[in-house]
Amino acid sequence: MFLIDELIALLAANLILSQALGTSTMFIAADSKKNMLATSCVITVFTTLSSAAAYFIDSILPSSVSELRLLLYTAVIGVLYIIMLTASYFVGKNWFADFRKYIHVSAFNCAVMGTLFTISGRAAENSSAFDLGWYISSGFEAGIGFIVAALILAAAYRKLNSAKVPASFRGFPAMLVYLGIISMAVYSLK
Amino acid sequence: MNNNKKQLLGGILGDNIVLSGLMVISPVIICGDTLKNAEALVYAFTAITFLSVIISSFVPRKLPYTVKVILYALISALVFIPVELATQEFFPGVIQRIGIYFPLLAVNSLIVFQTEAKFFRMKRLDMIISLVFCIIGFDAVMLITGVLRELFAYGTINNRIVDINTLISGLSQPFGGFVFLGLMCGAYRFIRGLVSKNNEVRSNADVSDR
Amino acid sequence: MLKKARKERLIWLDIMLTLLTLELMSYFYYGMRSVVLAGVCVAVSAAAEFISLRMMNKKFTADDLTCTSDALILALMFPVVMDYKVAALAVLFAIIVAKNVFGGRINMIFSPAAAGYIFVLTSWGRQLLQYTEPYTKTGIFDHPTSLVKSASYIFNTTRVFSHTDFELLLGNFSGPSGSVSVLLLCVAAVVLMMRRSISAGAFIGTVFGTGFFAVVTPVLSSRAASLKYSLVLNMVLFSAIYIVSDVRIAPKRNYYAFFYGLFIGVISYVLVATGVKENAIIIVSVLFTPIALGFKNLEKKIEIAEKEHIEAVTAANADGEEAAAHE
C-alpha cells in the first residue's frame, strides 16, 4: 500500500504532467519511440548531475546576486554537455554517432533547467531539504518522471500518429490532448 | 506570397512557433491562464529572445556546433540579468506571477536551436524581420490563450468580470492548458489547411514538422 | 468486416439495454429529472458525434450510435440534480475531445465516459459529489433543496454504512443516479460477459483485485464486510462493467485484460482506503490507459509473430512435401 501511495505521489509530482516542463523537448524527440526513451534517459543523467552542481551553486551564491543563478546553471549545463559528448566519443565512434543527437537535444531545455529551478525553489522554502543527497535524489526523481511521461506517450505513439486520426490533429495536437487528459487524471488524484 | 516572403513573415500564421513548431509551450500551458500573466510572458519573451538572438548573431559561425549552442545559452542567460533587473524596476509583479518560467524563457528552443537552424542562415535584415514575426506569432498565441482561458476559467477579462454563468475552472490548470493548446493547434492546422486548400498534404507533413 | 460491424452494433445494443434498465431504476428513485438528464446527455452526444463526423468528412452510421451509450454511462454516474449545462459540457468533452480528436470509434484511446467524468470532477467537483436522497423527486427545472454526501463518501470517512443489505442490493442509498443498483449491476455483468459484450478478463481482474486487497488488508474488522462494501461502493461494480471492461479499451486477450483489470482494482482500492478518494476507480482507469495500450501493442506483436511462425511452418511443410515428391 505504501509503495502504491509513493508511486501515485511520484506521478503527481511529475514535471511534465504537473508543470509541463520539457514538453517541447519531448515533442522534438517524438519522431520515434526509441528517440523518446533515449532522450528521456539522457535528460535523467543531465538532471541528476546538474542537480548536484546546483547544490554547490546555491550554497555559494549570496541571495543579493541571485540574478546570476541562471548564468551559473547555464555554465554548469554547458560543461556537462561537453563532458557527456567527450565521454560518449571515447566510448566508441559508432556509439557517439548514434548517441550525440540525444545529448544535443537534452542539454539546454526547460526539463533540465526547470528541474534545477524547481529544486532550488523547494530548498529555499524548506531549509531542512538543503542537502546534497536531497538535490541529487530530486534531480534523479525528476528525470524518472520524464521517463515515465515518455513511456506514457510511447504507449500511445502508434495511435496518436495513426492515419485514423483527423489530419488536423494527427501527431502533436493529439499528443497534447492525450497528455492533457492523463494530466487531468493525475490532478484529480491530488 | 513568394517563398522568401513566406519565410520572413510566416512566423505569425504560416509557421507559428507555438502552434506549428510546438516551441516554448510550457509557459503557454502553465502561465497562459490570465491576460495579466500572458502580458508578463509576452514582455519577458520578447525582450529576452530579441536581444539574445541579435547578440548571438555575432558569434563566429566557424565555431563547432556544441560551442555555439553553449554560447547562445550563455548570451541569453546574460541578457536575462538586465531584463530581470528592469522588470523588478518597472513591472514589479511580473516575476512573482510567472515564477520559474521567467528564467526558463532564456533557454527556449527559438534561441538555442532555431538560431542555428533558421535565423543565422539568413541575411541580417531578413533575420531581424523573421525574428520579429516569430516573436509576434508567439505573443499573439499567448495573448489569445490568456484571454480565452481567463474568460472561460474565471469569467473575467483582465480581472474585469464578464457575464458567463458556467465557468470551466479546470481550464486554468496545467491540464486545461494542455487540452486547450492541443485543440488550438488542431484548429490552427485545420484553418491553415483550408487556406492552403491542400489540407491532407500539409497536415500529413506536419506529423513530423522537424 | 460485415461480421465485425454487426458485432459492434450488437455490443452497443446489449450495453444500451442494461443501461436502460439502470435508468429505469433511477427513474423509480429520482423521478422524471433522471430521464431528462439522460435524454439531454444522449441528445448532445448524438449531435456532437454527427457534427464532428461531418467535419471529418465521414458519414454518420448505425455504428456511431455507440456515442449514446457513452453518454448514458455518464448520465448514470452523475447526481440526478446535475446542472444540464454541465452535463452537456461533459458529454461534449467526452465525445469530441476524448474520442473524436483521436479518430473516433475506430481509434479509441480513452473511455469517453471516464474522461468526461474526470473533466467534471476537476471543474465542478462539489456539484458532482453531492446527491439527493432516493425517493426525493426534484422537478425538471427545480433546484434541489437538500443535498447529501454519498453513502460511499460516508463509508470512506467513517467506515459506517447505515443501510441494510436489501437496500444495498436495490441501490436504495445516496449516490450516483444509476450506478448503485447492485443487483441489477450483477445481472448486467453476467449477461454482458456471457454475450461477450464486455471484456470478461478485465471485469474479473478488477473484481478480483479489489476483492483480494479488501480481504488481505481489510478496511473493517470483518473481512467479509470489507469485501462487500469495497466491491459495491465507490462505483466499483459499475465502473468494472462499463468502463474498465469496455471492449474498445481493454486488451483483447482475457489473460492480459485480467492483469489490466487487476492493477486497476488494486490501485483504486488502495486510493480509496488510504486517500479516501471517492470513486477512485474511474480516475485510475484513465491513468491506466497507457497500460491498456501497451498490452494492445504487445498483443499485436504476438499476433504478427504467430502469423509469421504459421507461415514459416506452412512453407517448411510445403518444402518437405515437395522434396518427398521429388524423391
# chains A, B, ... in the order shown; residues from 1 in each chain; ligands from 1

$ interface_residues --of "chain A" --to "chain B" --cutoff "9 Å" --atoms "only C-alpha atoms" --output "PyMOL selection string"
chain A and resi 16-25+27-28+30-31+67-68+70-72+74-75+77-79+81-82+104-105+108-110+113-114+117-118+121+161+163+167-185+187

$ residues_around --residues "range 160-170 of chain C" --least-positions-apart "5" --cutoff "7 Å" --atoms "only C-alpha atoms" --output "PDB file with N, CA and C atoms, in the first residue's frame"
ATOM      1  N   ALA C 151     -23.265   7.748   0.085  1.00  0.00           N
ATOM      2  CA  ALA C 151     -23.033   6.706   1.095  1.00  0.00           C
ATOM      3  C   ALA C 151     -21.577   6.231   1.015  1.00  0.00           C
ATOM      4  N   ILE C 154     -19.432   8.687   2.965  1.00  0.00           N
ATOM      5  CA  ILE C 154     -19.627   8.500   4.416  1.00  0.00           C
ATOM      6  C   ILE C 154     -18.882   7.242   4.873  1.00  0.00           C
ATOM      7  N   PHE C 155     -18.989   6.190   4.059  1.00  0.00           N
ATOM      8  CA  PHE C 155     -18.291   4.951   4.419  1.00  0.00           C
ATOM      9  C   PHE C 155     -16.765   5.160   4.390  1.00  0.00           C
ATOM     10  N   SER C 181     -27.394   0.424  -8.142  1.00  0.00           N
ATOM     11  CA  SER C 181     -28.309  -0.720  -8.069  1.00  0.00           C
ATOM     12  C   SER C 181     -27.513  -2.019  -8.228  1.00  0.00           C
ATOM     13  N   VAL C 182     -27.024  -2.528  -7.112  1.00  0.00           N
ATOM     14  CA  VAL C 182     -26.065  -3.638  -7.127  1.00  0.00           C
ATOM     15  C   VAL C 182     -26.625  -4.891  -7.795  1.00  0.00           C
ATOM     16  N   LEU C 183     -27.875  -5.206  -7.470  1.00  0.00           N
ATOM     17  CA  LEU C 183     -28.469  -6.434  -8.021  1.00  0.00           C
ATOM     18  C   LEU C 183     -28.529  -6.362  -9.552  1.00  0.00           C
TER      19      LEU C 183
END

$ select_by_dssp --residues "range 47-294 of chain C" --states "strand (DSSP E or B)" --output "ChimeraX atom specification"
/C:130-131,148-149

$ interface_residues --of "chain C" --to "chain A" --cutoff "7 Å" --atoms "only C-alpha atoms" --output "ChimeraX atom specification"
/C:56,101-103,107,118,122,267,270,283,286-287,290,293-294

$ write_last_selection --atoms "C-alpha atoms" --output "CSV table (one decimal), in the first residue's frame"
chain,number,residue,atom,x,y,z
C,56,MET,CA,-14.1,14.7,-40.6
C,101,VAL,CA,-9.9,14.1,-31.7
C,102,PHE,CA,-8.2,10.8,-31.8
C,103,GLY,CA,-10.2,9.5,-34.7
C,107,ASN,CA,-9.1,4.6,-32.9
C,118,ILE,CA,-12.9,13.4,-14.7
C,122,THR,CA,-11.9,18.7,-11.9
C,267,ILE,CA,-4.7,0.7,-7.0
C,270,VAL,CA,-5.6,1.5,-2.1
C,283,ILE,CA,-9.5,8.1,-12.3
C,286,VAL,CA,-8.0,6.8,-17.2
C,287,LEU,CA,-4.5,6.7,-15.7
C,290,PRO,CA,-1.2,3.7,-21.4
C,293,LEU,CA,-2.4,0.5,-25.0
C,294,GLY,CA,0.9,-1.2,-24.0

$ atom_distance --atom1 "CA of Ala202 in chain C" --atom2 "CA of Pro218 in chain C"
22.7 Å

$ interface_residues --of "chain C" --to "chain B" --cutoff "8 Å" --atoms "only C-alpha atoms" --output "list in words"
Lys85, Val86, Phe119, Thr122, Ser123 and Trp124 of chain C

$ write_last_selection --atoms "C-alpha atoms" --output "compact mmCIF listing (two decimals), in the first residue's frame"
# COMPACT_ATOMS: atom_id res chain seq x y z
CA LYS C 85 -25.28 22.66 -18.96
CA VAL C 86 -22.50 20.94 -17.05
CA PHE C 119 -13.47 16.57 -16.63
CA THR C 122 -11.86 18.70 -11.87
CA SER C 123 -14.09 21.67 -12.67
CA TRP C 124 -17.37 21.05 -10.80

$ atom_distance --atom1 "CA of Lys301 in chain C" --atom2 "CA of Lys34 in chain A"
16.6 Å

$ atom_distance --atom1 "CA of Phe99 in chain A" --atom2 "CA of Ala52 in chain A"
23.5 Å

$ residues_around --residues "range 129-137 of chain A" --least-positions-apart "3" --cutoff "10 Å" --atoms "only C-alpha atoms" --output "list of chain:residue names"
A:Thr47, A:Thr48, A:Leu49, A:Ser50, A:Ser51, A:Ala52, A:Ala53, A:Ala54, A:Tyr55, A:Phe56, A:Asp58, A:Ser59, A:Leu116, A:Ile119, A:Ser120, A:Arg122, A:Ala123, A:Ala124, A:Glu125, A:Asn126, A:Phe140, A:Glu141, A:Ala142, A:Gly143

$ select_by_dssp --residues "chain B" --states "alpha helix (DSSP H)" --output "NGL selection string"
:B and (3-9 or 25-31 or 35-56 or 65-90 or 93-98 or 101-104 or 109 or 115-117 or 124-154 or 174-196 or 199-206)

$ write_last_selection --atoms "C-alpha atoms" --output "tab-separated table (two decimals), in the first residue's frame"
chain	number	residue	atom	x	y	z
B	3	ASN	CA	8.83	31.71	-50.71
B	4	ASN	CA	11.10	34.46	-49.45
B	5	LYS	CA	8.20	36.47	-48.09
B	6	LYS	CA	6.71	33.32	-46.59
B	7	GLN	CA	9.95	32.61	-44.77
B	8	LEU	CA	10.13	36.13	-43.41
B	9	LEU	CA	6.51	36.68	-42.43
B	25	ILE	CA	4.84	25.67	-24.99
B	26	SER	CA	5.47	25.14	-21.26
B	27	PRO	CA	4.91	28.83	-20.35
B	28	VAL	CA	1.82	28.93	-22.58
B	29	ILE	CA	0.39	25.87	-20.85
B	30	ILE	CA	1.19	26.90	-17.29
B	31	CYS	CA	1.18	30.71	-17.26
B	35	LEU	CA	-4.31	38.04	-19.61
B	36	LYS	CA	-2.05	39.59	-16.96
B	37	ASN	CA	0.22	36.52	-16.98
B	38	ALA	CA	0.15	36.48	-20.76
B	39	GLU	CA	1.22	40.12	-20.89
B	40	ALA	CA	4.07	39.41	-18.46
B	41	LEU	CA	5.26	36.49	-20.57
B	42	VAL	CA	4.95	38.47	-23.78
B	43	TYR	CA	7.15	41.19	-22.33
B	44	ALA	CA	9.77	38.77	-20.96
B	45	PHE	CA	9.84	36.57	-24.05
B	46	THR	CA	10.07	39.50	-26.46
B	47	ALA	CA	12.90	41.20	-24.58
B	48	ILE	CA	14.98	38.08	-23.91
B	49	THR	CA	14.55	36.44	-27.30
B	50	PHE	CA	15.04	39.53	-29.44
B	51	LEU	CA	18.17	40.70	-27.66
B	52	SER	CA	19.68	37.22	-27.34
B	53	VAL	CA	19.24	36.30	-30.99
B	54	ILE	CA	20.58	39.64	-32.20
B	55	ILE	CA	23.67	39.42	-29.96
B	56	SER	CA	24.16	35.72	-30.75
B	65	TYR	CA	28.07	23.43	-33.12
B	66	THR	CA	28.29	22.49	-29.44
B	67	VAL	CA	30.35	25.54	-28.56
B	68	LYS	CA	27.96	27.79	-30.44
B	69	VAL	CA	24.91	26.34	-28.65
B	70	ILE	CA	26.60	26.84	-25.27
B	71	LEU	CA	27.50	30.41	-26.22
B	72	TYR	CA	23.91	31.16	-27.31
B	73	ALA	CA	22.62	29.83	-23.97
B	74	LEU	CA	25.20	31.86	-22.04
B	75	ILE	CA	24.36	35.01	-24.00
B	76	SER	CA	20.67	34.64	-23.27
B	77	ALA	CA	21.47	33.96	-19.60
B	78	LEU	CA	23.46	37.21	-19.60
B	79	VAL	CA	20.67	39.09	-21.36
B	80	PHE	CA	18.29	37.76	-18.71
B	81	ILE	CA	20.13	39.71	-15.96
B	82	PRO	CA	19.36	43.26	-17.20
B	83	VAL	CA	15.89	42.17	-18.31
B	84	GLU	CA	15.18	40.85	-14.81
B	85	LEU	CA	16.54	43.99	-13.17
B	86	ALA	CA	14.43	46.16	-15.49
B	87	THR	CA	11.39	44.01	-14.73
B	88	GLN	CA	11.89	44.42	-10.98
B	89	GLU	CA	12.11	48.16	-11.51
B	90	PHE	CA	9.25	48.79	-13.94
B	93	GLY	CA	4.53	41.93	-10.14
B	94	VAL	CA	5.69	40.10	-13.25
B	95	ILE	CA	8.42	37.89	-11.76
B	96	GLN	CA	6.17	36.69	-8.99
B	97	ARG	CA	3.39	35.90	-11.44
B	98	ILE	CA	5.34	33.76	-13.86
B	101	TYR	CA	9.05	30.26	-16.26
B	102	PHE	CA	10.72	33.68	-16.42
B	103	PRO	CA	14.33	32.38	-16.37
B	104	LEU	CA	13.29	29.35	-18.41
B	109	SER	CA	14.26	26.48	-28.36
B	115	THR	CA	19.08	30.42	-34.31
B	116	GLU	CA	21.37	27.84	-35.85
B	117	ALA	CA	18.77	26.05	-37.94
B	124	ARG	CA	20.92	40.05	-41.01
B	125	LEU	CA	18.00	42.27	-42.05
B	126	ASP	CA	15.95	39.27	-43.15
B	127	MET	CA	16.83	37.57	-39.89
B	128	ILE	CA	15.56	40.52	-37.86
B	129	ILE	CA	12.29	40.67	-39.81
B	130	SER	CA	11.77	36.92	-39.48
B	131	LEU	CA	12.62	37.02	-35.78
B	132	VAL	CA	10.21	39.88	-35.14
B	133	PHE	CA	7.40	37.96	-36.86
B	134	CYS	CA	8.22	34.79	-34.92
B	135	ILE	CA	8.05	36.78	-31.69
B	136	ILE	CA	4.78	38.43	-32.74
B	137	GLY	CA	3.46	34.94	-33.55
B	138	PHE	CA	4.28	33.75	-30.03
B	139	ASP	CA	2.85	36.93	-28.49
B	140	ALA	CA	-0.40	36.58	-30.41
B	141	VAL	CA	-0.89	32.96	-29.33
B	142	MET	CA	0.00	33.83	-25.75
B	143	LEU	CA	-2.49	36.70	-25.62
B	144	ILE	CA	-5.29	34.73	-27.28
B	145	THR	CA	-4.69	31.84	-24.90
B	146	GLY	CA	-4.60	34.18	-21.91
B	147	VAL	CA	-7.85	35.93	-22.86
B	148	LEU	CA	-9.82	32.77	-23.68
B	149	ARG	CA	-8.64	30.75	-20.69
B	150	GLU	CA	-9.26	33.64	-18.30
B	151	LEU	CA	-12.70	34.20	-19.79
B	152	PHE	CA	-13.84	30.59	-19.51
B	153	ALA	CA	-11.98	29.64	-16.34
B	154	TYR	CA	-12.53	32.73	-14.19
B	174	PRO	CA	-1.99	22.77	-16.42
B	175	PHE	CA	-4.17	20.00	-17.88
B	176	GLY	CA	-6.57	22.67	-19.15
B	177	GLY	CA	-3.58	24.31	-20.82
B	178	PHE	CA	-2.57	21.04	-22.48
B	179	VAL	CA	-6.04	20.33	-23.82
B	180	PHE	CA	-6.68	23.93	-24.85
B	181	LEU	CA	-3.37	24.20	-26.69
B	182	GLY	CA	-3.93	20.83	-28.38
B	183	LEU	CA	-7.34	21.94	-29.61
B	184	MET	CA	-5.93	25.30	-30.68
B	185	CYS	CA	-3.14	23.56	-32.65
B	186	GLY	CA	-5.73	21.35	-34.36
B	187	ALA	CA	-7.94	24.33	-35.20
B	188	TYR	CA	-4.90	26.24	-36.50
B	189	ARG	CA	-3.91	23.36	-38.78
B	190	PHE	CA	-7.49	22.94	-39.94
B	191	ILE	CA	-7.74	26.62	-40.89
B	192	ARG	CA	-4.28	26.62	-42.45
B	193	GLY	CA	-5.27	23.56	-44.45
B	194	LEU	CA	-8.45	25.28	-45.64
B	195	VAL	CA	-6.48	28.38	-46.62
B	196	SER	CA	-3.84	26.41	-48.48
B	199	ASN	CA	-5.34	20.04	-46.11
B	200	GLU	CA	-4.30	16.42	-46.44
B	201	VAL	CA	-0.81	17.03	-47.79
B	202	ARG	CA	0.03	19.85	-45.40
B	203	SER	CA	-1.26	18.12	-42.31
B	204	ASN	CA	0.46	14.89	-43.14
B	205	ALA	CA	3.71	16.79	-43.40
B	206	ASP	CA	3.05	18.32	-40.01

$ residues_around --residues "Ala188 in chain C" --least-positions-apart "3" --cutoff "12 Å" --atoms "only C-alpha atoms" --output "ChimeraX atom specification"
/C:14-22,179,181-185,191-198,203,237-238,240-242

$ write_last_selection --atoms "N, CA and C atoms" --output "compact mmCIF listing (two decimals), in the first residue's frame"
# COMPACT_ATOMS: atom_id res chain seq x y z
N ASP C 14 -26.59 -4.48 -26.53
CA ASP C 14 -26.54 -5.15 -25.22
C ASP C 14 -26.27 -4.14 -24.11
N ILE C 15 -25.27 -3.31 -24.35
CA ILE C 15 -24.88 -2.32 -23.34
C ILE C 15 -26.04 -1.36 -23.10
N MET C 16 -26.66 -0.91 -24.18
CA MET C 16 -27.77 0.03 -24.04
C MET C 16 -28.92 -0.57 -23.25
N LEU C 17 -29.22 -1.84 -23.52
CA LEU C 17 -30.33 -2.49 -22.80
C LEU C 17 -30.07 -2.51 -21.30
N THR C 18 -28.85 -2.87 -20.93
CA THR C 18 -28.55 -2.92 -19.49
C THR C 18 -28.54 -1.51 -18.89
N LEU C 19 -28.05 -0.55 -19.67
CA LEU C 19 -28.03 0.84 -19.16
C LEU C 19 -29.44 1.38 -19.00
N LEU C 20 -30.32 1.02 -19.94
CA LEU C 20 -31.70 1.49 -19.85
C LEU C 20 -32.40 0.90 -18.63
N THR C 21 -32.03 -0.33 -18.29
CA THR C 21 -32.60 -0.94 -17.08
C THR C 21 -32.18 -0.14 -15.85
N LEU C 22 -30.90 0.24 -15.84
CA LEU C 22 -30.41 1.04 -14.72
C LEU C 22 -31.10 2.41 -14.70
N SER C 179 -25.74 4.12 -10.81
CA SER C 179 -24.64 3.16 -10.64
C SER C 179 -24.62 2.51 -9.26
N SER C 181 -27.39 0.42 -8.14
CA SER C 181 -28.31 -0.72 -8.07
C SER C 181 -27.51 -2.02 -8.23
N VAL C 182 -27.02 -2.53 -7.11
CA VAL C 182 -26.06 -3.64 -7.13
C VAL C 182 -26.63 -4.89 -7.79
N LEU C 183 -27.88 -5.21 -7.47
CA LEU C 183 -28.47 -6.43 -8.02
C LEU C 183 -28.53 -6.36 -9.55
N LEU C 184 -29.02 -5.24 -10.04
CA LEU C 184 -29.11 -5.06 -11.50
C LEU C 184 -27.72 -5.10 -12.13
N LEU C 185 -26.76 -4.51 -11.44
CA LEU C 185 -25.39 -4.49 -11.99
C LEU C 185 -24.82 -5.90 -12.08
N VAL C 191 -24.83 -11.15 -17.79
CA VAL C 191 -25.40 -11.17 -19.15
C VAL C 191 -24.35 -10.67 -20.16
N LEU C 192 -23.74 -9.53 -19.85
CA LEU C 192 -22.79 -8.93 -20.81
C LEU C 192 -21.56 -9.82 -20.99
N MET C 193 -21.13 -10.48 -19.91
CA MET C 193 -19.97 -11.37 -20.05
C MET C 193 -20.32 -12.58 -20.90
N MET C 194 -21.53 -13.13 -20.65
CA MET C 194 -21.93 -14.31 -21.42
C MET C 194 -22.10 -13.98 -22.90
N ARG C 195 -22.55 -12.77 -23.17
CA ARG C 195 -22.74 -12.38 -24.57
C ARG C 195 -21.47 -11.76 -25.16
N ARG C 196 -20.39 -11.77 -24.37
CA ARG C 196 -19.09 -11.24 -24.78
C ARG C 196 -19.17 -9.77 -25.20
N SER C 197 -20.04 -9.05 -24.54
CA SER C 197 -20.16 -7.63 -24.86
C SER C 197 -19.24 -6.78 -24.00
N ILE C 198 -18.70 -7.37 -22.95
CA ILE C 198 -17.65 -6.70 -22.18
C ILE C 198 -16.48 -7.67 -22.05
N PHE C 203 -13.10 -7.53 -16.31
CA PHE C 203 -14.09 -7.46 -15.24
C PHE C 203 -13.67 -8.34 -14.06
N LEU C 237 -18.36 -1.59 -8.98
CA LEU C 237 -19.03 -2.58 -9.84
C LEU C 237 -19.43 -1.95 -11.17
N PHE C 238 -20.02 -0.77 -11.07
CA PHE C 238 -20.47 -0.07 -12.28
C PHE C 238 -19.30 0.19 -13.23
N ALA C 240 -16.37 -1.28 -13.20
CA ALA C 240 -15.77 -2.54 -13.66
C ALA C 240 -16.49 -3.05 -14.90
N ILE C 241 -17.81 -2.83 -14.95
CA ILE C 241 -18.57 -3.32 -16.11
C ILE C 241 -18.44 -2.38 -17.31
N TYR C 242 -18.74 -1.11 -17.09
CA TYR C 242 -18.92 -0.21 -18.23
C TYR C 242 -17.68 0.60 -18.62

$ closest_residue --among "C:Ile73, C:Ala98, C:Leu37, C:Ala257" --to "Glu49 in chain C" --atoms "only C-alpha atoms"
C:Ala98

$ decode --residues "range 3-31 of chain C" --atoms "C-alpha atoms" --output "PDB file, in the first residue's frame"
ATOM      1  CA  LYS C   3     -19.467  -9.619 -39.153  1.00  0.00           C
ATOM      2  CA  LYS C   4     -17.304  -7.226 -37.153  1.00  0.00           C
ATOM      3  CA  ALA C   5     -19.671  -4.304 -37.803  1.00  0.00           C
ATOM      4  CA  ARG C   6     -22.632  -6.434 -36.843  1.00  0.00           C
ATOM      5  CA  LYS C   7     -20.917  -7.495 -33.659  1.00  0.00           C
ATOM      6  CA  GLU C   8     -20.164  -3.869 -32.792  1.00  0.00           C
ATOM      7  CA  ARG C   9     -23.841  -2.987 -33.122  1.00  0.00           C
ATOM      8  CA  LEU C  10     -24.915  -5.980 -31.048  1.00  0.00           C
ATOM      9  CA  ILE C  11     -22.487  -4.996 -28.312  1.00  0.00           C
ATOM     10  CA  TRP C  12     -23.899  -1.483 -28.325  1.00  0.00           C
ATOM     11  CA  LEU C  13     -27.418  -2.880 -28.157  1.00  0.00           C
ATOM     12  CA  ASP C  14     -26.543  -5.153 -25.218  1.00  0.00           C
ATOM     13  CA  ILE C  15     -24.884  -2.319 -23.336  1.00  0.00           C
ATOM     14  CA  MET C  16     -27.767   0.035 -24.042  1.00  0.00           C
ATOM     15  CA  LEU C  17     -30.328  -2.488 -22.802  1.00  0.00           C
ATOM     16  CA  THR C  18     -28.550  -2.920 -19.487  1.00  0.00           C
ATOM     17  CA  LEU C  19     -28.026   0.835 -19.156  1.00  0.00           C
ATOM     18  CA  LEU C  20     -31.704   1.493 -19.849  1.00  0.00           C
ATOM     19  CA  THR C  21     -32.603  -0.940 -17.085  1.00  0.00           C
ATOM     20  CA  LEU C  22     -30.412   1.045 -14.715  1.00  0.00           C
ATOM     21  CA  GLU C  23     -32.023   4.243 -15.981  1.00  0.00           C
ATOM     22  CA  LEU C  24     -35.432   2.761 -15.213  1.00  0.00           C
ATOM     23  CA  MET C  25     -34.316   2.095 -11.649  1.00  0.00           C
ATOM     24  CA  SER C  26     -33.029   5.641 -11.453  1.00  0.00           C
ATOM     25  CA  TYR C  27     -36.426   6.926 -12.644  1.00  0.00           C
ATOM     26  CA  PHE C  28     -38.058   4.853  -9.933  1.00  0.00           C
ATOM     27  CA  TYR C  29     -35.902   6.507  -7.232  1.00  0.00           C
ATOM     28  CA  TYR C  30     -35.479  10.040  -8.538  1.00  0.00           C
ATOM     29  CA  GLY C  31     -38.328  10.671 -10.958  1.00  0.00           C
TER      30      GLY C  31
END
